[in-house]
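Novice: This is model-v2.cif (mmCIF, C-alpha atoms).
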data_query
#
loop_
_atom_site.label_atom_id
_atom_site.label_comp_id
_atom_site.auth_asym_id
_atom_site.auth_seq_id
_atom_site.Cartn_x
_atom_site.Cartn_y
_atom_site.Cartn_z
CA MET A 1 52.64 68.76 133.50
CA LEU A 2 54.66 66.48 131.24
CA GLU A 3 51.50 65.41 129.46
CA GLN A 4 50.52 69.00 128.70
CA PHE A 5 54.01 69.53 127.41
CA LEU A 6 53.77 66.55 125.11
CA GLU A 7 50.38 67.69 123.89
CA ALA A 8 51.69 71.12 123.04
CA PHE A 9 54.62 69.49 121.30
CA GLN A 10 52.33 67.32 119.20
CA GLY A 11 50.42 70.41 118.15
CA ILE A 12 53.46 71.88 116.46
CA GLY A 13 52.76 72.21 112.77
CA ILE A 14 55.95 70.76 111.38
CA LEU A 15 55.39 67.35 112.95
CA ASN A 16 51.97 67.13 111.41
CA LEU A 17 52.70 68.26 107.89
CA SER A 18 51.55 65.33 105.77
CA TRP A 19 52.86 64.17 102.39
CA GLY A 20 49.55 65.28 100.95
CA ASN A 21 50.06 68.78 102.33
CA MET A 22 53.51 68.94 100.84
CA ALA A 23 52.33 67.66 97.47
CA MET A 24 49.71 70.42 97.46
CA TRP A 25 52.45 72.93 98.24
CA VAL A 26 54.29 71.78 95.14
CA ILE A 27 51.11 72.42 93.13
CA ALA A 28 50.66 75.79 94.83
CA PHE A 29 54.23 76.79 94.01
CA ALA A 30 53.80 75.61 90.43
CA LEU A 31 50.73 77.82 90.02
CA LEU A 32 52.50 80.77 91.65
CA TYR A 33 55.45 80.24 89.35
CA LEU A 34 53.22 80.16 86.26
CA ALA A 35 51.41 83.30 87.40
CA ILE A 36 54.43 85.34 88.47
CA LYS A 37 57.09 84.18 86.05
CA LYS A 38 55.00 83.28 83.00
CA GLY A 39 52.15 85.74 83.40
CA VAL A 40 49.48 82.99 83.27
CA GLU A 41 46.21 84.50 84.56
CA PRO A 42 48.04 86.18 87.47
CA LEU A 43 44.96 87.93 88.86
CA LEU A 44 43.45 84.54 89.65
CA LEU A 45 46.39 82.21 90.03
CA VAL A 46 48.27 84.32 92.61
CA PRO A 47 45.39 84.25 95.12
CA ILE A 48 44.46 80.65 94.23
CA GLY A 49 48.07 79.46 94.52
CA PHE A 50 48.58 81.20 97.84
CA GLY A 51 45.20 79.92 99.04
CA ILE A 52 46.29 76.32 98.33
CA PHE A 53 49.60 76.93 100.08
CA ALA A 54 47.98 78.47 103.18
CA ALA A 55 45.18 75.93 103.45
CA ASN A 56 47.65 73.06 103.53
CA PHE A 57 49.28 73.98 106.84
CA PRO A 58 48.17 71.65 109.64
CA PHE A 59 46.11 72.91 112.61
CA THR A 60 45.47 76.42 111.30
CA GLY A 61 41.71 76.04 111.41
CA LEU A 62 41.54 78.29 108.35
CA MET A 63 39.04 75.99 106.67
CA ASP A 64 37.23 74.86 109.84
CA GLU A 65 33.78 76.27 110.41
CA GLY A 66 34.26 79.91 111.36
CA GLY A 67 37.85 80.01 110.09
CA LEU A 68 38.90 82.86 107.83
CA PHE A 69 39.09 80.92 104.57
CA TYR A 70 35.93 79.03 105.48
CA ILE A 71 34.16 82.37 105.73
CA PHE A 72 35.51 83.41 102.31
CA TYR A 73 34.44 80.10 100.83
CA HIS A 74 31.12 79.68 102.59
CA TYR A 75 29.71 83.16 102.24
CA GLY A 76 31.39 84.12 98.98
CA ILE A 77 31.39 81.01 96.87
CA GLU A 78 29.11 78.38 98.39
CA ASN A 79 26.38 80.98 98.71
CA GLU A 80 26.99 81.91 95.06
CA LEU A 81 27.56 85.57 95.82
CA ILE A 82 30.87 86.29 94.16
CA PRO A 83 30.54 84.90 90.62
CA PRO A 84 27.50 87.12 89.93
CA LEU A 85 29.39 90.14 91.34
CA ILE A 86 32.25 89.37 88.96
CA PHE A 87 29.70 89.23 86.17
CA LEU A 88 28.56 92.71 87.21
CA GLY A 89 32.08 93.97 86.62
CA LEU A 90 32.49 92.03 83.36
CA GLY A 91 29.20 93.46 82.13
CA ALA A 92 30.47 96.97 82.88
CA MET A 93 33.61 96.21 80.84
CA THR A 94 31.78 94.65 77.91
CA ASP A 95 31.10 96.41 74.64
CA PHE A 96 28.07 94.81 73.00
CA GLY A 97 28.59 96.96 69.89
CA PRO A 98 29.92 94.13 67.70
CA VAL A 99 27.01 91.85 68.68
CA ILE A 100 24.43 94.58 68.04
CA ALA A 101 26.00 95.44 64.68
CA ASN A 102 26.06 91.81 63.61
CA PRO A 103 23.49 89.77 65.59
CA LYS A 104 24.38 86.61 63.65
CA THR A 105 27.45 86.37 65.84
CA PHE A 106 25.17 85.46 68.72
CA LEU A 107 24.65 82.09 67.06
CA LEU A 108 28.40 81.54 66.85
CA GLY A 109 28.72 82.13 70.59
CA ALA A 110 25.98 79.56 71.09
CA ALA A 111 27.59 77.02 68.74
CA ALA A 112 30.82 77.17 70.71
CA GLN A 113 28.93 75.65 73.65
CA LEU A 114 29.15 72.37 71.73
CA GLY A 115 32.28 71.64 73.74
CA VAL A 116 30.34 71.91 76.99
CA TYR A 117 27.88 69.21 75.98
CA VAL A 118 30.47 66.91 74.37
CA ALA A 119 32.57 66.97 77.55
CA PHE A 120 29.43 66.49 79.64
CA PHE A 121 28.52 63.26 77.86
CA MET A 122 32.10 62.01 77.83
CA ALA A 123 32.34 62.61 81.58
CA LEU A 124 29.14 60.59 82.07
CA LEU A 125 30.65 57.75 80.05
CA LEU A 126 33.73 57.84 82.26
CA GLY A 127 31.55 57.27 85.29
CA PHE A 128 31.23 60.76 86.73
CA SER A 129 27.86 61.56 88.30
CA ILE A 130 25.50 63.89 86.42
CA PRO A 131 26.26 66.96 88.61
CA GLU A 132 30.00 66.28 88.31
CA ALA A 133 29.78 65.83 84.55
CA ALA A 134 27.96 69.16 84.18
CA SER A 135 30.62 70.93 86.23
CA ILE A 136 33.33 69.40 84.06
CA GLY A 137 31.54 70.14 80.81
CA ILE A 138 31.15 73.82 81.65
CA ILE A 139 34.95 74.16 81.60
CA GLY A 140 34.53 74.12 77.81
CA GLY A 141 32.73 77.44 78.04
CA ALA A 142 36.09 79.00 78.95
CA ASP A 143 34.50 81.22 81.51
CA GLY A 144 35.93 81.18 85.03
CA PRO A 145 33.11 82.71 87.08
CA THR A 146 30.47 80.56 85.37
CA THR A 147 32.49 77.40 85.95
CA ILE A 148 32.88 78.32 89.62
CA TYR A 149 29.22 79.23 89.94
CA LEU A 150 28.00 75.94 88.50
CA THR A 151 30.50 73.72 90.31
CA ALA A 152 29.79 75.39 93.68
CA ASN A 153 26.16 74.60 93.02
CA LEU A 154 26.43 71.04 91.76
CA ALA A 155 29.74 69.45 92.76
CA PRO A 156 31.56 71.61 95.33
CA HIS A 157 34.21 68.94 95.95
CA LEU A 158 35.47 69.53 92.40
CA LEU A 159 35.57 73.30 92.73
CA GLY A 160 39.31 73.78 92.90
CA THR A 161 39.98 71.35 90.08
CA THR A 162 37.43 72.73 87.62
CA ALA A 163 38.41 76.33 88.41
CA VAL A 164 42.11 75.70 87.91
CA ALA A 165 41.39 73.70 84.73
CA ALA A 166 39.20 76.49 83.33
CA TYR A 167 41.72 79.23 84.07
CA SER A 168 44.72 77.28 82.84
CA TYR A 169 43.07 76.35 79.55
CA MET A 170 41.96 79.93 79.07
CA ALA A 171 45.59 80.90 79.30
CA LEU A 172 46.31 78.24 76.69
CA VAL A 173 43.77 79.60 74.21
CA PRO A 174 46.57 80.86 71.91
CA ILE A 175 47.86 77.30 71.70
CA ILE A 176 44.52 75.44 71.54
CA ILE A 177 42.68 77.52 68.92
CA PRO A 178 45.11 77.75 65.97
CA PRO A 179 45.62 74.07 65.09
CA ILE A 180 41.91 73.30 65.26
CA ALA A 181 40.79 76.41 63.41
CA ARG A 182 43.47 75.83 60.76
CA LEU A 183 42.39 72.23 60.28
CA LEU A 184 38.79 73.26 59.62
CA THR A 185 39.43 76.22 57.28
CA THR A 186 41.28 76.89 54.04
CA THR A 187 43.81 79.68 53.70
CA LYS A 188 41.37 81.41 51.36
CA GLU A 189 38.64 81.33 54.00
CA ARG A 190 40.98 82.68 56.66
CA ALA A 191 42.13 85.46 54.34
CA MET A 192 38.59 86.73 53.80
CA VAL A 193 38.13 90.37 54.76
CA MET A 194 34.79 91.14 56.38
CA GLU A 195 32.68 94.15 55.58
CA GLN A 196 33.18 97.05 57.94
CA MET A 197 30.80 97.03 60.87
CA ARG A 198 28.01 99.57 61.04
CA GLU A 199 27.92 102.19 63.77
CA VAL A 200 25.77 101.33 66.76
CA SER A 201 23.71 104.12 68.34
CA LYS A 202 23.62 104.96 72.02
CA GLY A 203 19.92 104.07 72.15
CA GLU A 204 20.63 100.56 70.85
CA ARG A 205 23.36 100.12 73.43
CA ILE A 206 20.97 101.06 76.25
CA ILE A 207 18.11 98.90 75.01
CA PHE A 208 20.29 95.85 74.36
CA PRO A 209 20.96 94.73 77.96
CA ILE A 210 17.29 95.06 78.80
CA LEU A 211 16.08 93.26 75.70
CA ALA A 212 18.71 90.53 76.10
CA SER A 213 17.66 90.03 79.74
CA ILE A 214 14.03 89.59 78.73
CA VAL A 215 14.81 87.02 76.04
CA ILE A 216 17.43 85.03 77.95
CA ILE A 217 15.81 84.95 81.38
CA LEU A 218 12.39 84.07 80.01
CA LEU A 219 13.98 81.18 78.10
CA VAL A 220 16.35 79.96 80.82
CA PRO A 221 15.23 81.37 84.20
CA LYS A 222 18.04 79.65 86.10
CA SER A 223 20.62 81.75 84.26
CA ALA A 224 19.20 84.83 85.99
CA PRO A 225 21.83 85.37 88.74
CA LEU A 226 24.65 85.65 86.20
CA ILE A 227 22.73 87.28 83.35
CA THR A 228 20.99 89.94 85.46
CA MET A 229 24.28 91.10 86.98
CA PHE A 230 26.03 91.05 83.60
CA MET A 231 23.33 93.16 81.99
CA LEU A 232 23.09 95.53 84.95
CA GLY A 233 26.82 96.18 84.81
CA ASN A 234 26.54 96.82 81.09
CA LEU A 235 23.65 99.22 81.63
CA PHE A 236 25.74 101.09 84.23
CA THR A 237 28.32 101.76 81.54
CA GLU A 238 26.10 102.32 78.53
CA SER A 239 23.55 104.57 80.25
CA GLY A 240 26.32 107.07 80.88
CA VAL A 241 24.57 108.50 83.94
CA VAL A 242 26.09 106.32 86.66
CA GLU A 243 29.76 106.40 85.78
CA ARG A 244 30.59 106.04 89.50
CA LEU A 245 28.74 102.72 89.69
CA ALA A 246 30.12 101.52 86.36
CA ASN A 247 33.61 102.41 87.46
CA VAL A 248 33.44 100.75 90.86
CA SER A 249 31.91 97.61 89.31
CA ARG A 250 34.64 97.12 86.75
CA GLU A 251 37.53 98.15 89.01
CA ALA A 252 37.35 98.20 92.82
CA LEU A 253 34.50 95.75 93.30
CA ILE A 254 35.69 93.13 90.83
CA ASN A 255 39.20 93.31 92.29
CA ILE A 256 38.00 92.90 95.87
CA VAL A 257 35.79 89.93 95.15
CA THR A 258 38.49 88.35 92.97
CA ILE A 259 40.79 88.22 96.00
CA ILE A 260 38.17 86.49 98.13
CA LEU A 261 37.20 84.17 95.27
CA GLY A 262 40.79 83.15 94.52
CA VAL A 263 41.76 82.48 98.11
CA GLY A 264 38.48 80.70 98.82
CA ILE A 265 38.94 78.38 95.83
CA GLY A 266 42.56 77.69 96.64
CA ALA A 267 41.52 76.79 100.17
CA THR A 268 39.20 74.03 98.91
CA MET A 269 42.16 72.27 97.34
CA SER A 270 43.13 69.73 99.91
CA ALA A 271 45.18 66.68 99.01
CA GLU A 272 42.16 64.36 99.13
CA ASN A 273 40.13 66.61 96.82
CA PHE A 274 42.88 67.18 94.29
CA LEU A 275 45.32 64.28 94.38
CA ASN A 276 43.11 61.63 92.86
CA PRO A 277 42.66 60.17 89.38
CA LYS A 278 39.52 62.25 88.82
CA THR A 279 41.69 65.34 88.51
CA ILE A 280 43.55 63.90 85.53
CA TYR A 281 40.29 62.98 83.82
CA ILE A 282 38.95 66.46 84.46
CA PHE A 283 41.97 68.08 82.85
CA ILE A 284 41.75 65.77 79.82
CA LEU A 285 38.00 66.35 79.44
CA GLY A 286 38.60 70.09 79.83
CA VAL A 287 40.92 70.29 76.85
CA ILE A 288 38.54 68.13 74.77
CA ALA A 289 35.74 70.53 75.70
CA PHE A 290 37.84 73.49 74.54
CA ALA A 291 38.69 71.77 71.26
CA PHE A 292 35.05 71.02 70.47
CA ALA A 293 34.06 74.56 71.42
CA VAL A 294 36.46 75.93 68.80
CA ALA A 295 35.27 73.42 66.22
CA GLY A 296 31.60 74.14 66.96
CA GLY A 297 32.04 77.86 66.38
CA VAL A 298 34.09 77.50 63.19
CA LEU A 299 31.79 74.88 61.67
CA LEU A 300 28.63 76.87 62.37
CA ALA A 301 30.25 79.93 60.77
CA LYS A 302 30.98 77.87 57.65
CA PHE A 303 27.45 76.48 57.66
CA MET A 304 25.95 79.97 58.04
CA ASN A 305 27.94 81.14 55.04
CA LEU A 306 25.94 78.76 52.85
CA PHE A 307 22.85 80.88 53.43
CA ILE A 308 23.79 84.45 54.24
CA LYS A 309 24.71 87.26 51.89
CA ASN A 310 27.30 89.08 53.99
CA LYS A 311 29.61 86.15 54.60
CA VAL A 312 31.59 85.88 57.80
CA ASN A 313 35.18 84.77 58.08
CA PRO A 314 34.82 81.32 59.70
CA LEU A 315 37.72 82.09 62.02
CA ILE A 316 35.52 84.40 64.08
CA GLY A 317 33.51 81.34 65.11
CA ALA A 318 36.55 80.20 67.08
CA ALA A 319 36.20 83.29 69.26
CA GLY A 320 32.90 81.87 70.51
CA VAL A 321 34.85 80.08 73.23
CA SER A 322 34.63 83.25 75.39
CA ALA A 323 38.06 83.77 77.05
CA VAL A 324 37.51 87.48 76.36
CA PRO A 325 39.42 89.04 74.68
CA MET A 326 42.21 86.48 74.22
CA ALA A 327 40.27 84.32 71.78
CA ALA A 328 39.46 87.37 69.63
CA ARG A 329 43.13 88.34 69.58
CA VAL A 330 44.11 84.86 68.45
CA VAL A 331 41.56 85.12 65.64
CA GLN A 332 42.95 88.51 64.65
CA ASN A 333 46.47 87.08 64.46
CA MET A 334 45.36 84.08 62.40
CA GLY A 335 43.42 86.27 59.99
CA ARG A 336 46.39 88.55 59.51
CA GLU A 337 48.70 85.63 58.99
CA ALA A 338 46.59 84.56 56.02
CA ASN A 339 46.15 88.09 54.69
CA ARG A 340 48.05 91.07 56.04
CA ASP A 341 45.18 93.44 55.32
CA ASN A 342 42.67 91.41 57.30
CA PHE A 343 41.55 92.86 60.64
CA LEU A 344 39.11 90.50 62.35
CA LEU A 345 39.55 91.71 65.92
CA MET A 346 36.30 93.66 66.28
CA HIS A 347 34.35 91.12 64.23
CA ALA A 348 35.61 88.39 66.55
CA MET A 349 34.47 90.35 69.62
CA GLY A 350 30.85 89.58 68.67
CA PRO A 351 31.07 85.78 69.08
CA ASN A 352 33.52 86.32 71.93
CA VAL A 353 31.04 88.30 74.04
CA ALA A 354 28.18 86.08 72.91
CA GLY A 355 30.22 83.11 74.13
CA VAL A 356 30.19 84.49 77.68
CA ILE A 357 26.43 84.76 77.58
CA GLY A 358 26.18 81.34 75.93
CA THR A 359 28.14 79.73 78.74
CA ALA A 360 26.01 81.40 81.42
CA VAL A 361 22.94 80.10 79.61
CA ALA A 362 24.44 76.60 79.37
CA ALA A 363 25.01 76.73 83.14
CA GLY A 364 21.39 77.79 83.59
CA VAL A 365 20.23 74.86 81.47
CA PHE A 366 22.24 72.41 83.59
CA LEU A 367 20.86 73.94 86.78
CA SER A 368 17.26 73.69 85.65
CA ILE A 369 17.66 70.08 84.51
CA ILE A 370 19.76 68.79 87.39
CA LYS A 371 18.62 70.73 90.45
CA MET B 1 48.91 108.78 40.00
CA GLY B 2 46.23 109.97 42.33
CA GLU B 3 45.70 109.98 46.02
CA LYS B 4 44.97 107.19 48.48
CA LYS B 5 43.39 107.78 51.87
CA VAL B 6 44.38 105.07 54.32
CA THR B 7 41.49 104.50 56.73
CA ALA B 8 41.33 102.76 60.10
CA PRO B 9 40.40 99.07 59.58
CA LEU B 10 39.29 98.85 63.22
CA PRO B 11 38.45 101.27 66.03
CA GLY B 12 41.08 102.00 68.64
CA THR B 13 43.73 104.42 69.86
CA ILE B 14 46.60 105.68 67.73
CA LEU B 15 49.62 104.36 69.57
CA LYS B 16 52.40 105.49 67.28
CA ILE B 17 52.70 107.37 64.00
CA LYS B 18 55.69 106.17 62.01
CA VAL B 19 55.64 108.54 59.04
CA ASP B 20 55.98 112.30 58.45
CA VAL B 21 54.54 114.47 55.72
CA GLY B 22 56.75 114.24 52.64
CA GLN B 23 58.11 110.80 53.47
CA LYS B 24 58.27 108.18 50.71
CA VAL B 25 56.50 104.90 51.50
CA SER B 26 56.02 101.53 49.83
CA PRO B 27 52.93 99.29 50.21
CA ARG B 28 54.27 97.16 53.05
CA ASP B 29 55.68 100.01 55.13
CA VAL B 30 53.98 100.38 58.50
CA ILE B 31 52.61 103.91 58.73
CA LEU B 32 51.07 103.73 62.18
CA ILE B 33 49.98 101.45 64.98
CA ILE B 34 46.43 101.32 66.29
CA GLU B 35 45.87 99.84 69.71
CA ALA B 36 42.57 97.98 70.13
CA MET B 37 41.67 95.56 72.93
CA LYS B 38 45.22 96.01 74.29
CA MET B 39 46.56 94.67 70.99
CA GLU B 40 48.92 96.54 68.71
CA ASN B 41 47.81 96.51 65.08
CA GLU B 42 50.26 97.65 62.42
CA ILE B 43 48.64 99.57 59.60
CA ASP B 44 50.38 99.45 56.21
CA ALA B 45 50.60 102.16 53.57
CA LEU B 46 49.12 99.76 50.93
CA VAL B 47 50.42 101.95 48.08
CA SER B 48 53.74 103.44 47.00
CA GLY B 49 54.00 107.18 47.16
CA GLU B 50 54.61 110.17 49.30
CA VAL B 51 52.79 110.99 52.52
CA LYS B 52 50.74 114.09 51.81
CA GLU B 53 48.84 114.56 55.04
CA VAL B 54 48.51 112.91 58.46
CA TYR B 55 45.01 113.34 59.89
CA VAL B 56 45.52 111.91 63.37
CA LYS B 57 47.68 112.45 66.45
CA GLU B 58 49.19 109.92 68.82
CA ARG B 59 46.85 108.90 71.71
CA GLN B 60 43.84 109.98 69.65
CA THR B 61 40.96 107.49 69.47
CA VAL B 62 39.59 106.68 66.03
CA LYS B 63 36.51 104.93 64.74
CA ALA B 64 36.62 102.25 62.08
CA GLY B 65 36.79 103.90 58.68
CA ALA B 66 38.29 107.16 59.97
CA PRO B 67 40.87 108.64 57.59
CA LEU B 68 44.40 108.25 58.94
CA VAL B 69 46.87 109.36 56.28
CA SER B 70 46.68 110.46 52.66
CA ILE B 71 49.36 109.34 50.25
CA SER B 72 49.92 110.74 46.75
CA ILE B 73 50.49 107.65 44.68
CA SER B 74 53.61 107.63 42.55
#
Now, as a test, write the supplied structure out as structure tokens.
Specialist:
Amino acid sequence: MLEQFLEAFQGIGILNLSWGNMAMWVIAFALLYLAIKKGVEPLLLVPIGFGIFAANFPFTGLMDEGGLFYIFYHYGIENELIPPLIFLGLGAMTDFGPVIANPKTFLLGAAAQLGVYVAFFMALLLGFSIPEAASIGIIGGADGPTTIYLTANLAPHLLGTTAVAAYSYMALVPIIIPPIARLLTTTKERAMVMEQMREVSKGERIIFPILASIVIILLVPKSAPLITMFMLGNLFTESGVVERLANVSREALINIVTIILGVGIGATMSAENFLNPKTIYIFILGVIAFAFAVAGGVLLAKFMNLFIKNKVNPLIGAAGVSAVPMAARVVQNMGREANRDNFLLMHAMGPNVAGVIGTAVAAGVFLSIIK
Amino acid sequence: MGEKKVTAPLPGTILKIKVDVGQKVSPRDVILIIEAMKMENEIDALVSGEVKEVYVKERQTVKAGAPLVSISIS
């Protein structure tokens, strides 16, 4: 009788709350604060923050096999279901018009993947394993779902860290881009007004997702889960005949899976996974990856200008770091700062959208080499 | 002398029109705001003169290059 009593007493949560749990609570509260008070990526950081908080109670069984958060994580993330569904919604939201009107911008989106590979090699030098290094490098693509997709595949123990790093740096795009882009361009280059974009026909918009699928998937088959869903979502919107499907993809569906994704990721963030020196390295490598991504895009734009007739404003290369549409907005602001009559927003959307595809392709390349 | 048509430098939705017909403007006066990608873009008059005609309404969507306002240059 007394023994049972003692056992029940020992099962009380408060006696078993470890320092690690409490440290993770501090991190959870910090993320919730940033999301709620500072507006930093709230759609992701509210569920992630709460997920960390909830998963760090003792004895809940939430992350044990069959537990609620385990189910979210296992079926949604580990099985790679949710990131492609998010890509479906993103595809339905995406306007490929600027890319179709100016296909050169595709190259700028590709160049911005430089950061991914720089961070990958630096992570290897720091002693991370190849799958870990790839998951860290992909942070430089500034694309949340792709980062989650690749890390879940290659280094699931780093999932929480790489996801939080990717989303926090995305929120910092307005701080990361300007100094680097300014360093690599002259005021005259930034002031350059680009020729107005041509109109894109409905036919081109319908053909594009199909044509892009053919080219990309034949080149990098492992990018198929993300690319097929992205292009299907886009076709939903551009075809104009399935507005119901387009609408549910970019609103209800993406919102539902975002909840499960956020909580599931937060739940992987236990003290032993997060509170170790690797986390610091990952955050440092993440910002280096972002910096090189910006530089890669800007430098390729300058290089392209040596050959092409219709020059591009090199700033739009900086939008190749995805983070749609924040990076394009930053470019717009920088262009206007140099010349009040300069509107780069739509021009920057080309590399911006291409950057999303570029990152999905980079993930596909890693998967085909490593797996 | 002459007339200047201010056109939309980017596609978007007219969020606010800040001038009326007959109003005097100088080059750096903001005549309207176009919202694109959830970003407010101020459009300047670019010339000094008097607003002759406003071609758009608030909440209307415009394509790049669409005429917004004509100004008789003084």
Novice: Residues of chain B within 9 Å of chain A, using only C-alpha atoms, as a short mmCIF file (atom, residue, chain, number, x, y, z; two decimals) with C-alpha atoms, in the frame of the given file?
Specialist:
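Final file, part-v5.cif:
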data_model
loop_
_atom_site.label_atom_id
_atom_site.label_comp_id
_atom_site.auth_asym_id
_atom_site.auth_seq_id
_atom_site.Cartn_x
_atom_site.Cartn_y
_atom_site.Cartn_z
CA PRO B 9 40.40 99.07 59.58
CA LEU B 10 39.29 98.85 63.22
CA PRO B 11 38.45 101.27 66.03
CA ALA B 36 42.57 97.98 70.13
CA MET B 37 41.67 95.56 72.93
CA MET B 39 46.56 94.67 70.99
CA ASN B 41 47.81 96.51 65.08
CA ILE B 43 48.64 99.57 59.60
CA ASP B 44 50.38 99.45 56.21
CA LEU B 46 49.12 99.76 50.93
CA ALA B 64 36.62 102.25 62.08
CA GLY B 65 36.79 103.90 58.68
#
Novice: Go ahead and compute the interatomic distance for CA of Ile259 in chain A and CA of Pro58 in chain A, in Å to one decimal.
Specialist: 22.7 Å
Novice: Translate the PyMOL selection byres ((chain A and resi 102-114) around 9) into a concrete residue list for this structure, as an mmCIF file with C-alpha atoms, in the coordinates of the input.
Specialist:
data_model
loop_
_atom_site.group_PDB
_atom_site.id
_atom_site.type_symbol
_atom_site.label_atom_id
_atom_site.label_comp_id
_atom_site.auth_asym_id
_atom_site.auth_seq_id
_atom_site.Cartn_x
_atom_site.Cartn_y
_atom_site.Cartn_z
ATOM 1 C CA GLY A 97 28.590 96.960 69.890
ATOM 2 C CA PRO A 98 29.920 94.130 67.700
ATOM 3 C CA VAL A 99 27.010 91.850 68.680
ATOM 4 C CA ILE A 100 24.430 94.580 68.040
ATOM 5 C CA ALA A 101 26.000 95.440 64.680
ATOM 6 C CA GLY A 115 32.280 71.640 73.740
ATOM 7 C CA VAL A 116 30.340 71.910 76.990
ATOM 8 C CA TYR A 117 27.880 69.210 75.980
ATOM 9 C CA VAL A 118 30.470 66.910 74.370
ATOM 10 C CA ALA A 119 32.570 66.970 77.550
ATOM 11 C CA ILE A 138 31.150 73.820 81.650
ATOM 12 C CA GLY A 140 34.530 74.120 77.810
ATOM 13 C CA GLY A 141 32.730 77.440 78.040
ATOM 14 C CA MET A 197 30.800 97.030 60.870
ATOM 15 C CA ARG A 198 28.010 99.570 61.040
ATOM 16 C CA ALA A 289 35.740 70.530 75.700
ATOM 17 C CA PHE A 290 37.840 73.490 74.540
ATOM 18 C CA PHE A 292 35.050 71.020 70.470
ATOM 19 C CA ALA A 293 34.060 74.560 71.420
ATOM 20 C CA VAL A 294 36.460 75.930 68.800
ATOM 21 C CA ALA A 295 35.270 73.420 66.220
ATOM 22 C CA GLY A 296 31.600 74.140 66.960
ATOM 23 C CA GLY A 297 32.040 77.860 66.380
ATOM 24 C CA VAL A 298 34.090 77.500 63.190
ATOM 25 C CA LEU A 299 31.790 74.880 61.670
ATOM 26 C CA LEU A 300 28.630 76.870 62.370
ATOM 27 C CA ALA A 301 30.250 79.930 60.770
ATOM 28 C CA MET A 304 25.950 79.970 58.040
ATOM 29 C CA ILE A 316 35.520 84.400 64.080
ATOM 30 C CA GLY A 317 33.510 81.340 65.110
ATOM 31 C CA ALA A 318 36.550 80.200 67.080
ATOM 32 C CA ALA A 319 36.200 83.290 69.260
ATOM 33 C CA GLY A 320 32.900 81.870 70.510
ATOM 34 C CA VAL A 321 34.850 80.080 73.230
ATOM 35 C CA SER A 322 34.630 83.250 75.390
ATOM 36 C CA HIS A 347 34.350 91.120 64.230
ATOM 37 C CA ALA A 348 35.610 88.390 66.550
ATOM 38 C CA MET A 349 34.470 90.350 69.620
ATOM 39 C CA GLY A 350 30.850 89.580 68.670
ATOM 40 C CA PRO A 351 31.070 85.780 69.080
ATOM 41 C CA ASN A 352 33.520 86.320 71.930
ATOM 42 C CA VAL A 353 31.040 88.300 74.040
ATOM 43 C CA ALA A 354 28.180 86.080 72.910
ATOM 44 C CA GLY A 355 30.220 83.110 74.130
ATOM 45 C CA VAL A 356 30.190 84.490 77.680
ATOM 46 C CA ILE A 357 26.430 84.760 77.580
ATOM 47 C CA GLY A 358 26.180 81.340 75.930
ATOM 48 C CA THR A 359 28.140 79.730 78.740
ATOM 49 C CA ALA A 362 24.440 76.600 79.370
#
Novice: So the first atom is CA of Ile214 in chain A and the second is CA of Pro145 in chain A; what is the distance between them in Å, to one decimal place?
Specialist: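 It comes out at 21.9 Å.
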Novice: Evaluate the PyMOL selection byres ((chain A and resi 147) around 10) here and jot the selected residues down as a PDB file with C-alpha atoms, in the frame of the given file.
Specialist:
ATOM      1  CA  PRO A  83      30.540  84.900  90.620  1.00  0.00           C
ATOM      2  CA  ALA A 134      27.960  69.160  84.180  1.00  0.00           C
ATOM      3  CA  SER A 135      30.620  70.930  86.230  1.00  0.00           C
ATOM      4  CA  ILE A 136      33.330  69.400  84.060  1.00  0.00           C
ATOM      5  CA  GLY A 137      31.540  70.140  80.810  1.00  0.00           C
ATOM      6  CA  ILE A 138      31.150  73.820  81.650  1.00  0.00           C
ATOM      7  CA  ILE A 139      34.950  74.160  81.600  1.00  0.00           C
ATOM      8  CA  GLY A 140      34.530  74.120  77.810  1.00  0.00           C
ATOM      9  CA  GLY A 141      32.730  77.440  78.040  1.00  0.00           C
ATOM     10  CA  ALA A 142      36.090  79.000  78.950  1.00  0.00           C
ATOM     11  CA  ASP A 143      34.500  81.220  81.510  1.00  0.00           C
ATOM     12  CA  GLY A 144      35.930  81.180  85.030  1.00  0.00           C
ATOM     13  CA  PRO A 145      33.110  82.710  87.080  1.00  0.00           C
ATOM     14  CA  THR A 146      30.470  80.560  85.370  1.00  0.00           C
ATOM     15  CA  ILE A 148      32.880  78.320  89.620  1.00  0.00           C
ATOM     16  CA  TYR A 149      29.220  79.230  89.940  1.00  0.00           C
ATOM     17  CA  LEU A 150      28.000  75.940  88.500  1.00  0.00           C
ATOM     18  CA  THR A 151      30.500  73.720  90.310  1.00  0.00           C
ATOM     19  CA  ALA A 152      29.790  75.390  93.680  1.00  0.00           C
ATOM     20  CA  ASN A 153      26.160  74.600  93.020  1.00  0.00           C
ATOM     21  CA  LEU A 159      35.570  73.300  92.730  1.00  0.00           C
ATOM     22  CA  THR A 162      37.430  72.730  87.620  1.00  0.00           C
ATOM     23  CA  ALA A 163      38.410  76.330  88.410  1.00  0.00           C
ATOM     24  CA  VAL A 164      42.110  75.700  87.910  1.00  0.00           C
ATOM     25  CA  ALA A 165      41.390  73.700  84.730  1.00  0.00           C
ATOM     26  CA  ALA A 166      39.200  76.490  83.330  1.00  0.00           C
ATOM     27  CA  TYR A 167      41.720  79.230  84.070  1.00  0.00           C
ATOM     28  CA  THR A 359      28.140  79.730  78.740  1.00  0.00           C
ATOM     29  CA  ALA A 360      26.010  81.400  81.420  1.00  0.00           C
ATOM     30  CA  ALA A 363      25.010  76.730  83.140  1.00  0.00           C
TER      31      ALA A 363
END
